[in-house]
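Chemist: Here you go, my_file_16.pdb (PDB, C-alpha atoms):
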ATOM      1  CA  MET A  88     -53.534 -27.236 -19.829  1.00  0.00           C
ATOM      2  CA  GLN A  89     -50.253 -29.021 -20.274  1.00  0.00           C
ATOM      3  CA  LYS A  90     -48.131 -29.047 -17.142  1.00  0.00           C
ATOM      4  CA  ILE A  91     -44.516 -28.149 -17.686  1.00  0.00           C
ATOM      5  CA  ALA A  92     -42.162 -30.362 -15.778  1.00  0.00           C
ATOM      6  CA  GLU A  93     -39.864 -28.447 -13.489  1.00  0.00           C
ATOM      7  CA  ARG A  94     -36.196 -29.045 -14.049  1.00  0.00           C
ATOM      8  CA  PRO A  95     -33.853 -29.122 -11.074  1.00  0.00           C
ATOM      9  CA  LEU A  96     -31.666 -26.069 -10.791  1.00  0.00           C
ATOM     10  CA  ARG A  97     -28.185 -26.838 -12.039  1.00  0.00           C
ATOM     11  CA  LEU A  98     -25.436 -24.693 -10.624  1.00  0.00           C
ATOM     12  CA  PRO A  99     -22.420 -23.794 -12.728  1.00  0.00           C
ATOM     13  CA  ARG A 100     -19.719 -26.456 -12.642  1.00  0.00           C
ATOM     14  CA  ILE A 101     -17.369 -24.170 -10.709  1.00  0.00           C
ATOM     15  CA  PHE A 102     -19.812 -24.198  -7.757  1.00  0.00           C
ATOM     16  CA  ALA A 103     -19.726 -27.987  -7.650  1.00  0.00           C
ATOM     17  CA  THR A 104     -15.949 -27.876  -7.543  1.00  0.00           C
ATOM     18  CA  ILE A 105     -15.240 -25.203  -4.914  1.00  0.00           C
ATOM     19  CA  GLY A 106     -18.632 -24.576  -3.321  1.00  0.00           C
ATOM     20  CA  ILE A 107     -20.828 -21.483  -3.419  1.00  0.00           C
ATOM     21  CA  GLU A 108     -19.386 -19.914  -0.257  1.00  0.00           C
ATOM     22  CA  SER A 109     -15.793 -20.269  -1.452  1.00  0.00           C
ATOM     23  CA  PHE A 110     -16.738 -18.859  -4.837  1.00  0.00           C
ATOM     24  CA  MET A 111     -18.453 -15.830  -3.276  1.00  0.00           C
ATOM     25  CA  ARG A 112     -15.508 -15.152  -0.955  1.00  0.00           C
ATOM     26  CA  GLU A 113     -13.127 -15.176  -3.903  1.00  0.00           C
ATOM     27  CA  HIS A 114     -15.498 -12.971  -5.890  1.00  0.00           C
ATOM     28  CA  ARG A 115     -15.608 -10.407  -3.073  1.00  0.00           C
ATOM     29  CA  LYS A 116     -11.805 -10.409  -2.812  1.00  0.00           C
ATOM     30  CA  LYS A 117     -11.458  -9.766  -6.545  1.00  0.00           C
ATOM     31  CA  ARG A 118     -14.024  -6.963  -6.387  1.00  0.00           C
ATOM     32  CA  LYS A 119     -12.195  -5.299  -3.474  1.00  0.00           C
ATOM     33  CA  ARG A 120      -8.876  -5.527  -5.336  1.00  0.00           C
ATOM     34  CA  LYS A 121     -10.481  -3.979  -8.405  1.00  0.00           C
ATOM     35  CA  GLU A 122     -12.015  -1.186  -6.351  1.00  0.00           C
ATOM     36  CA  ALA A 123      -8.686  -0.523  -4.646  1.00  0.00           C
ATOM     37  CA  LEU A 124      -6.938  -0.179  -7.998  1.00  0.00           C
ATOM     38  CA  SER A 125      -9.592   2.257  -9.225  1.00  0.00           C
ATOM     39  CA  MET A 126      -9.242   4.535  -6.204  1.00  0.00           C
ATOM     40  CA  ASN A 127      -6.954   7.548  -6.460  1.00  0.00           C
ATOM     41  CA  ASP A 128      -4.182   7.607  -3.875  1.00  0.00           C
ATOM     42  CA  GLU A 129      -3.841  10.866  -1.993  1.00  0.00           C
ATOM     43  CA  LEU A 130      -0.176  11.796  -2.342  1.00  0.00           C
ATOM     44  CA  THR A 131       1.934  14.883  -1.788  1.00  0.00           C
ATOM     45  CA  ALA A 132       3.957  16.674  -4.445  1.00  0.00           C
ATOM     46  CA  GLN A 133       7.071  15.323  -2.724  1.00  0.00           C
ATOM     47  CA  ASP A 134       5.738  11.762  -3.070  1.00  0.00           C
ATOM     48  CA  ILE A 135       5.232  12.194  -6.792  1.00  0.00           C
ATOM     49  CA  GLN A 136       8.631  13.825  -7.199  1.00  0.00           C
ATOM     50  CA  LYS A 137      10.332  10.874  -5.491  1.00  0.00           C
ATOM     51  CA  MET A 138       8.361   8.365  -7.579  1.00  0.00           C
ATOM     52  CA  GLN A 139       9.190  10.189 -10.797  1.00  0.00           C
ATOM     53  CA  ALA A 140      12.904  10.212  -9.893  1.00  0.00           C
ATOM     54  CA  GLU A 141      12.839   6.470  -9.254  1.00  0.00           C
ATOM     55  CA  LEU A 142      10.844   5.849 -12.433  1.00  0.00           C
ATOM     56  CA  ASP A 143      13.349   7.821 -14.545  1.00  0.00           C
ATOM     57  CA  ASP A 144      16.267   5.934 -12.992  1.00  0.00           C
ATOM     58  CA  ARG A 145      14.666   2.557 -13.622  1.00  0.00           C
ATOM     59  CA  ARG A 146      13.804   3.408 -17.222  1.00  0.00           C
ATOM     60  CA  LEU A 147      16.982   5.204 -18.281  1.00  0.00           C
ATOM     61  CA  ARG A 148      19.706   3.472 -16.247  1.00  0.00           C
ATOM     62  CA  LEU A 149      18.540   0.167 -14.805  1.00  0.00           C
ATOM     63  CA  MET A 150      16.472  -1.136 -17.728  1.00  0.00           C
ATOM     64  CA  PRO A 151      19.348  -0.999 -20.298  1.00  0.00           C
ATOM     65  CA  GLU A 152      21.710  -2.547 -17.722  1.00  0.00           C
ATOM     66  CA  LEU A 153      19.342  -5.441 -17.112  1.00  0.00           C
ATOM     67  CA  ILE A 154      18.813  -6.026 -20.838  1.00  0.00           C
ATOM     68  CA  GLU A 155      22.582  -6.351 -21.284  1.00  0.00           C
ATOM     69  CA  GLU A 156      22.839  -8.624 -18.242  1.00  0.00           C
ATOM     70  CA  VAL A 157      20.160 -10.943 -19.661  1.00  0.00           C
ATOM     71  CA  LYS A 158      22.010 -11.087 -22.979  1.00  0.00           C
ATOM     72  CA  ARG A 159      25.335 -11.744 -21.249  1.00  0.00           C
ATOM     73  CA  THR A 160      24.075 -14.560 -19.033  1.00  0.00           C
ATOM     74  CA  ARG A 161      22.032 -16.135 -21.831  1.00  0.00           C
ATOM     75  CA  ALA A 162      25.293 -16.810 -23.656  1.00  0.00           C
ATOM     76  CA  PHE A 163      26.437 -19.084 -20.813  1.00  0.00           C
ATOM     77  CA  GLY A 164      24.576 -22.013 -22.333  1.00  0.00           C
ATOM     78  CA  ASP A 165      21.884 -24.455 -21.159  1.00  0.00           C
ATOM     79  CA  LEU A 166      19.088 -22.211 -19.832  1.00  0.00           C
ATOM     80  CA  SER A 167      17.559 -25.001 -17.735  1.00  0.00           C
ATOM     81  CA  GLU A 168      20.633 -24.964 -15.471  1.00  0.00           C
ATOM     82  CA  ASN A 169      21.726 -21.375 -16.003  1.00  0.00           C
ATOM     83  CA  TYR A 170      21.216 -19.779 -12.592  1.00  0.00           C
ATOM     84  CA  GLU A 171      22.778 -16.457 -13.627  1.00  0.00           C
ATOM     85  CA  TYR A 172      20.338 -16.127 -16.534  1.00  0.00           C
ATOM     86  CA  LYS A 173      17.321 -16.963 -14.348  1.00  0.00           C
ATOM     87  CA  ALA A 174      18.417 -14.423 -11.737  1.00  0.00           C
ATOM     88  CA  ALA A 175      18.900 -11.747 -14.404  1.00  0.00           C
ATOM     89  CA  LYS A 176      15.434 -12.432 -15.863  1.00  0.00           C
ATOM     90  CA  GLN A 177      13.841 -12.270 -12.406  1.00  0.00           C
ATOM     91  CA  GLU A 178      15.491  -8.926 -11.721  1.00  0.00           C
ATOM     92  CA  GLN A 179      14.373  -7.652 -15.128  1.00  0.00           C
ATOM     93  CA  ASN A 180      10.778  -8.709 -14.419  1.00  0.00           C
ATOM     94  CA  ARG A 181      10.868  -7.066 -10.985  1.00  0.00           C
ATOM     95  CA  ASN A 182      12.049  -3.846 -12.574  1.00  0.00           C
ATOM     96  CA  LYS A 183       9.260  -3.942 -15.179  1.00  0.00           C
ATOM     97  CA  SER A 184       6.681  -4.589 -12.453  1.00  0.00           C
ATOM     98  CA  ARG A 185       7.972  -1.685 -10.360  1.00  0.00           C
ATOM     99  CA  ILE A 186       7.904   0.618 -13.398  1.00  0.00           C
ATOM    100  CA  ARG A 187       4.251  -0.277 -14.077  1.00  0.00           C
ATOM    101  CA  TYR A 188       3.410   0.328 -10.410  1.00  0.00           C
ATOM    102  CA  LEU A 189       5.083   3.757 -10.370  1.00  0.00           C
ATOM    103  CA  GLU A 190       3.438   4.769 -13.651  1.00  0.00           C
ATOM    104  CA  ARG A 191       0.013   3.762 -12.341  1.00  0.00           C
ATOM    105  CA  MET A 192       0.500   5.546  -9.021  1.00  0.00           C
ATOM    106  CA  ILE A 193       1.679   8.773 -10.640  1.00  0.00           C
ATOM    107  CA  ALA A 194      -1.130   8.734 -13.210  1.00  0.00           C
ATOM    108  CA  SER A 195      -3.902   8.118 -10.667  1.00  0.00           C
ATOM    109  CA  ALA A 196      -2.590  10.233  -7.767  1.00  0.00           C
ATOM    110  CA  ARG A 197      -4.586  13.069  -6.253  1.00  0.00           C
ATOM    111  CA  VAL A 198      -2.205  15.719  -4.938  1.00  0.00           C
ATOM    112  CA  ILE A 199      -2.925  16.874  -1.392  1.00  0.00           C
ATOM    113  CA  GLU A 200      -1.476  19.456   1.004  1.00  0.00           C
ATOM    114  CA  ASP A 201      -1.490  19.631   4.774  1.00  0.00           C
ATOM    115  CA  HIS A 202      -3.798  22.332   6.126  1.00  0.00           C
ATOM    116  CA  SER A 203      -3.752  21.389   9.801  1.00  0.00           C
ATOM    117  CA  SER A 204      -3.557  24.166  12.371  1.00  0.00           C
ATOM    118  CA  ALA A 205      -0.619  24.612  14.756  1.00  0.00           C
ATOM    119  CA  ASP A 206      -2.299  22.601  17.520  1.00  0.00           C
ATOM    120  CA  GLU A 207      -3.679  19.775  15.388  1.00  0.00           C
ATOM    121  CA  VAL A 208      -2.114  16.534  14.168  1.00  0.00           C
ATOM    122  CA  GLY A 209      -1.235  16.964  10.513  1.00  0.00           C
ATOM    123  CA  LEU A 210       0.610  15.147   7.766  1.00  0.00           C
ATOM    124  CA  TYR A 211       4.255  14.370   8.669  1.00  0.00           C
ATOM    125  CA  ASP A 212       3.804  15.544  12.276  1.00  0.00           C
ATOM    126  CA  ARG A 213       5.467  13.476  14.995  1.00  0.00           C
ATOM    127  CA  VAL A 214       2.894  12.489  17.620  1.00  0.00           C
ATOM    128  CA  THR A 215       3.437  10.928  21.043  1.00  0.00           C
ATOM    129  CA  VAL A 216       0.489   8.924  22.319  1.00  0.00           C
ATOM    130  CA  ARG A 217      -0.219   6.839  25.404  1.00  0.00           C
ATOM    131  CA  MET A 218      -1.804   3.473  24.780  1.00  0.00           C
ATOM    132  CA  VAL A 219      -4.463   3.626  27.485  1.00  0.00           C
ATOM    133  CA  GLU A 220      -5.000  -0.102  28.000  1.00  0.00           C
ATOM    134  CA  LEU A 221      -1.271  -0.908  28.017  1.00  0.00           C
ATOM    135  CA  GLY A 222      -0.049   2.219  29.779  1.00  0.00           C
ATOM    136  CA  LYS A 223       2.787   2.552  27.232  1.00  0.00           C
ATOM    137  CA  GLU A 224       3.853   5.498  25.114  1.00  0.00           C
ATOM    138  CA  LYS A 225       4.504   5.352  21.387  1.00  0.00           C
ATOM    139  CA  VAL A 226       5.687   7.888  18.841  1.00  0.00           C
ATOM    140  CA  PHE A 227       4.139   7.960  15.378  1.00  0.00           C
ATOM    141  CA  GLN A 228       4.796  10.094  12.324  1.00  0.00           C
ATOM    142  CA  ILE A 229       1.856  10.410   9.952  1.00  0.00           C
ATOM    143  CA  VAL A 230       2.805   9.851   6.302  1.00  0.00           C
ATOM    144  CA  THR A 231       1.116   8.953   3.018  1.00  0.00           C
ATOM    145  CA  THR A 232       0.472   5.385   1.875  1.00  0.00           C
ATOM    146  CA  VAL A 233       3.653   5.205  -0.244  1.00  0.00           C
ATOM    147  CA  ARG A 234       6.013   6.235   2.583  1.00  0.00           C
ATOM    148  CA  CYS A 235       4.765   4.162   5.527  1.00  0.00           C
ATOM    149  CA  ASP A 236       7.043   1.865   7.522  1.00  0.00           C
ATOM    150  CA  ALA A 237       5.506   0.627  10.761  1.00  0.00           C
ATOM    151  CA  LEU A 238       8.849  -0.641  12.089  1.00  0.00           C
ATOM    152  CA  LYS A 239      10.186   2.921  11.963  1.00  0.00           C
ATOM    153  CA  GLY A 240       7.046   4.503  13.376  1.00  0.00           C
ATOM    154  CA  LEU A 241       5.951   5.874   9.996  1.00  0.00           C
ATOM    155  CA  VAL A 242       2.219   5.185   9.842  1.00  0.00           C
ATOM    156  CA  SER A 243      -0.054   5.842   6.899  1.00  0.00           C
ATOM    157  CA  LYS A 244      -2.770   8.444   7.286  1.00  0.00           C
ATOM    158  CA  GLU A 245      -5.096   5.704   5.987  1.00  0.00           C
ATOM    159  CA  SER A 246      -4.138   3.251   8.743  1.00  0.00           C
ATOM    160  CA  PRO A 247      -6.400   2.805  11.782  1.00  0.00           C
ATOM    161  CA  VAL A 248      -4.155   4.907  14.038  1.00  0.00           C
ATOM    162  CA  GLY A 249      -3.563   7.483  11.318  1.00  0.00           C
ATOM    163  CA  LYS A 250      -7.273   7.991  10.743  1.00  0.00           C
ATOM    164  CA  ALA A 251      -7.894   8.173  14.504  1.00  0.00           C
ATOM    165  CA  ILE A 252      -5.348  10.861  15.396  1.00  0.00           C
ATOM    166  CA  LEU A 253      -5.236  13.000  12.245  1.00  0.00           C
ATOM    167  CA  GLY A 254      -6.785  16.389  12.996  1.00  0.00           C
ATOM    168  CA  ARG A 255      -6.936  15.779  16.752  1.00  0.00           C
ATOM    169  CA  LYS A 256      -5.276  17.807  19.535  1.00  0.00           C
ATOM    170  CA  VAL A 257      -3.177  17.268  22.649  1.00  0.00           C
ATOM    171  CA  GLY A 258      -5.320  15.843  25.440  1.00  0.00           C
ATOM    172  CA  ASP A 259      -7.733  14.090  23.090  1.00  0.00           C
ATOM    173  CA  THR A 260      -8.344  10.385  23.667  1.00  0.00           C
ATOM    174  CA  VAL A 261      -9.235   8.539  20.479  1.00  0.00           C
ATOM    175  CA  THR A 262     -10.520   5.071  19.667  1.00  0.00           C
ATOM    176  CA  VAL A 263      -8.340   3.209  17.201  1.00  0.00           C
ATOM    177  CA  ARG A 264     -10.472   0.611  15.427  1.00  0.00           C
ATOM    178  CA  VAL A 265      -8.253  -2.163  14.135  1.00  0.00           C
ATOM    179  CA  SER A 266     -11.215  -4.289  13.011  1.00  0.00           C
ATOM    180  CA  ASP A 267     -14.942  -4.675  13.631  1.00  0.00           C
ATOM    181  CA  THR A 268     -14.202  -6.549  16.848  1.00  0.00           C
ATOM    182  CA  ASN A 269     -10.854  -5.116  17.931  1.00  0.00           C
ATOM    183  CA  SER A 270     -10.040  -1.582  19.083  1.00  0.00           C
ATOM    184  CA  TYR A 271      -7.961   0.300  21.630  1.00  0.00           C
ATOM    185  CA  HIS A 272      -7.724   3.811  23.066  1.00  0.00           C
ATOM    186  CA  ALA A 273      -4.863   6.276  22.653  1.00  0.00           C
ATOM    187  CA  GLU A 274      -4.355   9.615  24.388  1.00  0.00           C
ATOM    188  CA  ILE A 275      -2.435  12.284  22.465  1.00  0.00           C
ATOM    189  CA  LEU A 276       0.355  13.583  24.711  1.00  0.00           C
ATOM    190  CA  SER A 277       2.297  15.838  22.350  1.00  0.00           C
ATOM    191  CA  ILE A 278       2.432  17.024  18.744  1.00  0.00           C
ATOM    192  CA  GLU A 279       5.711  18.021  17.095  1.00  0.00           C
ATOM    193  CA  LYS A 280       4.954  19.863  13.888  1.00  0.00           C
ATOM    194  CA  GLN A 281       7.044  18.573  10.998  1.00  0.00           C
ATOM    195  CA  ALA A 282       7.434  19.067   7.274  1.00  0.00           C
ATOM    196  CA  ASP A 283       8.293  16.431   4.695  1.00  0.00           C
ATOM    197  CA  ASP A 284      12.081  16.606   4.493  1.00  0.00           C
ATOM    198  CA  GLY A 285      12.226  13.734   2.007  1.00  0.00           C
ATOM    199  CA  SER A 286      13.997  11.379   4.408  1.00  0.00           C
ATOM    200  CA  ALA A 287      11.169   8.825   4.470  1.00  0.00           C
ATOM    201  CA  PRO A 288      11.810   6.523   1.477  1.00  0.00           C
ATOM    202  CA  LEU A 289       9.191   5.070  -0.822  1.00  0.00           C
ATOM    203  CA  ARG A 290       8.018   1.639   0.261  1.00  0.00           C
ATOM    204  CA  SER A 291       8.739  -1.299  -2.012  1.00  0.00           C
ATOM    205  CA  PHE A 292       5.111  -1.919  -3.114  1.00  0.00           C
TER     206      PHE A 292
END
Please, can you express the file's structure as structure tokens?
Modeler:
Amino acid sequence: MQKIAERPLRLPRIFATIGIESFMREHRKKRKRKEALSMNDELTAQDIQKMQAELDDRRLRLMPELIEEVKRTRAFGDLSENYEYKAAKQEQNRNKSRIRYLERMIASARVIEDHSSADEVGLYDRVTVRMVELGKEKVFQIVTTVRCDALKGLVSKESPVGKAILGRKVGDTVTVRVSDTNSYHAEILSIEKQADDGSAPLRSF
């Protein structure tokens, strides 16, 4: 019986360039980004209304203005040194990107409503908590992913603290898991029931 010579396994050229581990890390990142884009965002009717208003303004007012601005600055001459033209094109591209983002968000959104009881943390409620380990108090307002602004105390319901306190009651102590190896405890001191008054703006992206 003729013996078949075994050929050494040859990895794709990309592995030789960046290494298997680097390739797999990048592959996992791309897969997570793809999965994130395919997930429906849970948004309120007010969220969608605000996004639609911005989308209409960008399409009907801003887009024609930017087209004219690009035409105007293009006439200045040498495009390689035409700062005004480059700035106008950048602003036009940013507007197009924002329009695509808003269209995608509106099309894929799943509309939700708050059904929390009077003594539970619900969407848009203002919650005062005590950070157990630090002994400090913080005030959070729970919002959707498109309205969050951590610097203003507006935290997404999908954030670690949002997930931990949503649906809980005064006196509850929750574990906020920031990562697999990092967590802290927060005690709910008070809940101020709120409704979405539209004051929280949409985040940039």
Chemist: Ranking A:Ser277, A:Ser266, A:Thr231, A:Ser286 by minimum distance to A:Leu210 and counting all atoms listed in the file, which one comes first?
Modeler: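 Going through A:Ser277, A:Ser266, A:Thr231, A:Ser286 one by one, the smallest distance to A:Leu210 is for A:Thr231.
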Chemist: Take the point (1.1, 11.9, 4.0) in the file's coordinates, draw a sphere of radius 12 Å around it, and report as a PDB file with C-alpha atoms, keeping the file's coordinate frame every protein, DNA or RNA residue with an atom inside or on it, counting only C-alpha atoms.
Modeler:
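Heads up, here's the output in out.pdb:
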ATOM      1  CA  ASP A 128      -4.182   7.607  -3.875  1.00  0.00           C
ATOM      2  CA  GLU A 129      -3.841  10.866  -1.993  1.00  0.00           C
ATOM      3  CA  LEU A 130      -0.176  11.796  -2.342  1.00  0.00           C
ATOM      4  CA  THR A 131       1.934  14.883  -1.788  1.00  0.00           C
ATOM      5  CA  ALA A 132       3.957  16.674  -4.445  1.00  0.00           C
ATOM      6  CA  GLN A 133       7.071  15.323  -2.724  1.00  0.00           C
ATOM      7  CA  ASP A 134       5.738  11.762  -3.070  1.00  0.00           C
ATOM      8  CA  ILE A 135       5.232  12.194  -6.792  1.00  0.00           C
ATOM      9  CA  ARG A 197      -4.586  13.069  -6.253  1.00  0.00           C
ATOM     10  CA  VAL A 198      -2.205  15.719  -4.938  1.00  0.00           C
ATOM     11  CA  ILE A 199      -2.925  16.874  -1.392  1.00  0.00           C
ATOM     12  CA  GLU A 200      -1.476  19.456   1.004  1.00  0.00           C
ATOM     13  CA  ASP A 201      -1.490  19.631   4.774  1.00  0.00           C
ATOM     14  CA  HIS A 202      -3.798  22.332   6.126  1.00  0.00           C
ATOM     15  CA  VAL A 208      -2.114  16.534  14.168  1.00  0.00           C
ATOM     16  CA  GLY A 209      -1.235  16.964  10.513  1.00  0.00           C
ATOM     17  CA  LEU A 210       0.610  15.147   7.766  1.00  0.00           C
ATOM     18  CA  TYR A 211       4.255  14.370   8.669  1.00  0.00           C
ATOM     19  CA  ASP A 212       3.804  15.544  12.276  1.00  0.00           C
ATOM     20  CA  ARG A 213       5.467  13.476  14.995  1.00  0.00           C
ATOM     21  CA  GLN A 228       4.796  10.094  12.324  1.00  0.00           C
ATOM     22  CA  ILE A 229       1.856  10.410   9.952  1.00  0.00           C
ATOM     23  CA  VAL A 230       2.805   9.851   6.302  1.00  0.00           C
ATOM     24  CA  THR A 231       1.116   8.953   3.018  1.00  0.00           C
ATOM     25  CA  THR A 232       0.472   5.385   1.875  1.00  0.00           C
ATOM     26  CA  VAL A 233       3.653   5.205  -0.244  1.00  0.00           C
ATOM     27  CA  ARG A 234       6.013   6.235   2.583  1.00  0.00           C
ATOM     28  CA  CYS A 235       4.765   4.162   5.527  1.00  0.00           C
ATOM     29  CA  LEU A 241       5.951   5.874   9.996  1.00  0.00           C
ATOM     30  CA  VAL A 242       2.219   5.185   9.842  1.00  0.00           C
ATOM     31  CA  SER A 243      -0.054   5.842   6.899  1.00  0.00           C
ATOM     32  CA  LYS A 244      -2.770   8.444   7.286  1.00  0.00           C
ATOM     33  CA  GLU A 245      -5.096   5.704   5.987  1.00  0.00           C
ATOM     34  CA  SER A 246      -4.138   3.251   8.743  1.00  0.00           C
ATOM     35  CA  GLY A 249      -3.563   7.483  11.318  1.00  0.00           C
ATOM     36  CA  LYS A 250      -7.273   7.991  10.743  1.00  0.00           C
ATOM     37  CA  LEU A 253      -5.236  13.000  12.245  1.00  0.00           C
ATOM     38  CA  GLN A 281       7.044  18.573  10.998  1.00  0.00           C
ATOM     39  CA  ALA A 282       7.434  19.067   7.274  1.00  0.00           C
ATOM     40  CA  ASP A 283       8.293  16.431   4.695  1.00  0.00           C
ATOM     41  CA  ASP A 284      12.081  16.606   4.493  1.00  0.00           C
ATOM     42  CA  GLY A 285      12.226  13.734   2.007  1.00  0.00           C
ATOM     43  CA  ALA A 287      11.169   8.825   4.470  1.00  0.00           C
ATOM     44  CA  LEU A 289       9.191   5.070  -0.822  1.00  0.00           C
TER      45      LEU A 289
END
Chemist: Between A:Ile275, A:Val261, A:Ala196, A:Val226, which has the minimum distance to A:Gln136 (counting only C-alpha atoms)?
Modeler: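 For A:Gln136, the nearest of the candidates is A:Ala196.
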Chemist: So which residues touch A:Ile186 within 9 Å, counting only C-alpha atoms, skipping near sequence neighbours fewer than 3 positions away, as a ChimeraX atom specification?
Modeler: /A:141-142,145-146,181-183,189-191
Chemist: How many Å lie between atom CA of A:Glu168 and atom CA of A:Glu152, rounded to one decimal?
Modeler: 22.6 Å
Chemist: From the options A:Thr215, A:Thr260, A:Ser291, A:Ser270, which residue's atoms come nearest to A:Asp236, counting only C-alpha atoms?
Modeler: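 Selected residue with least distance to A:Asp236: A:Ser291.
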Chemist: What gap, in Å, lies between atom CA of A:Tyr172 and atom CA of A:Val157?
Modeler: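 Calculated distance between atom CA of A:Tyr172 and atom CA of A:Val157 is 6.1 Å.
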Chemist: For each of A:Glu171, A:Glu178, A:Leu166, A:Asp206, take the minimum atom-to-atom distance to A:Leu149, counting all atoms listed in the file, then give the residue where this is smallest.
Modeler: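 Closest residue, counting all atoms listed in the file: A:Glu178.
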Chemist: Which is closer to A:Glu274 than all the others in A:Val219, A:Ala162, A:Ala140, A:Leu147, using all atoms listed in the file?
Modeler: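 Among the listed residues, A:Val219 lies closest to A:Glu274.
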Chemist: With 10 Å as the threshold, what does the neighbourhood of (-8.2, -2.8, 29.3) contain in terms of residues, counting all atoms listed in the file? Coordinates are those of the file; answer as number ranges by chain.
Modeler: A: 219-222, 271-272
Chemist: Under the rule that only C-alpha atoms are counted, which of A:Ala237, A:Pro247, A:Lys173, A:Asn180 is the nearest residue to A:Asp267?
Modeler: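 With only C-alpha atoms as the atom set, the closest residue is A:Pro247.
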Chemist: Could you tell me how far atom CA of A:Val248 lies from atom CA of A:Ala194, in Å and to one decimal?
Modeler: 27.7 Å
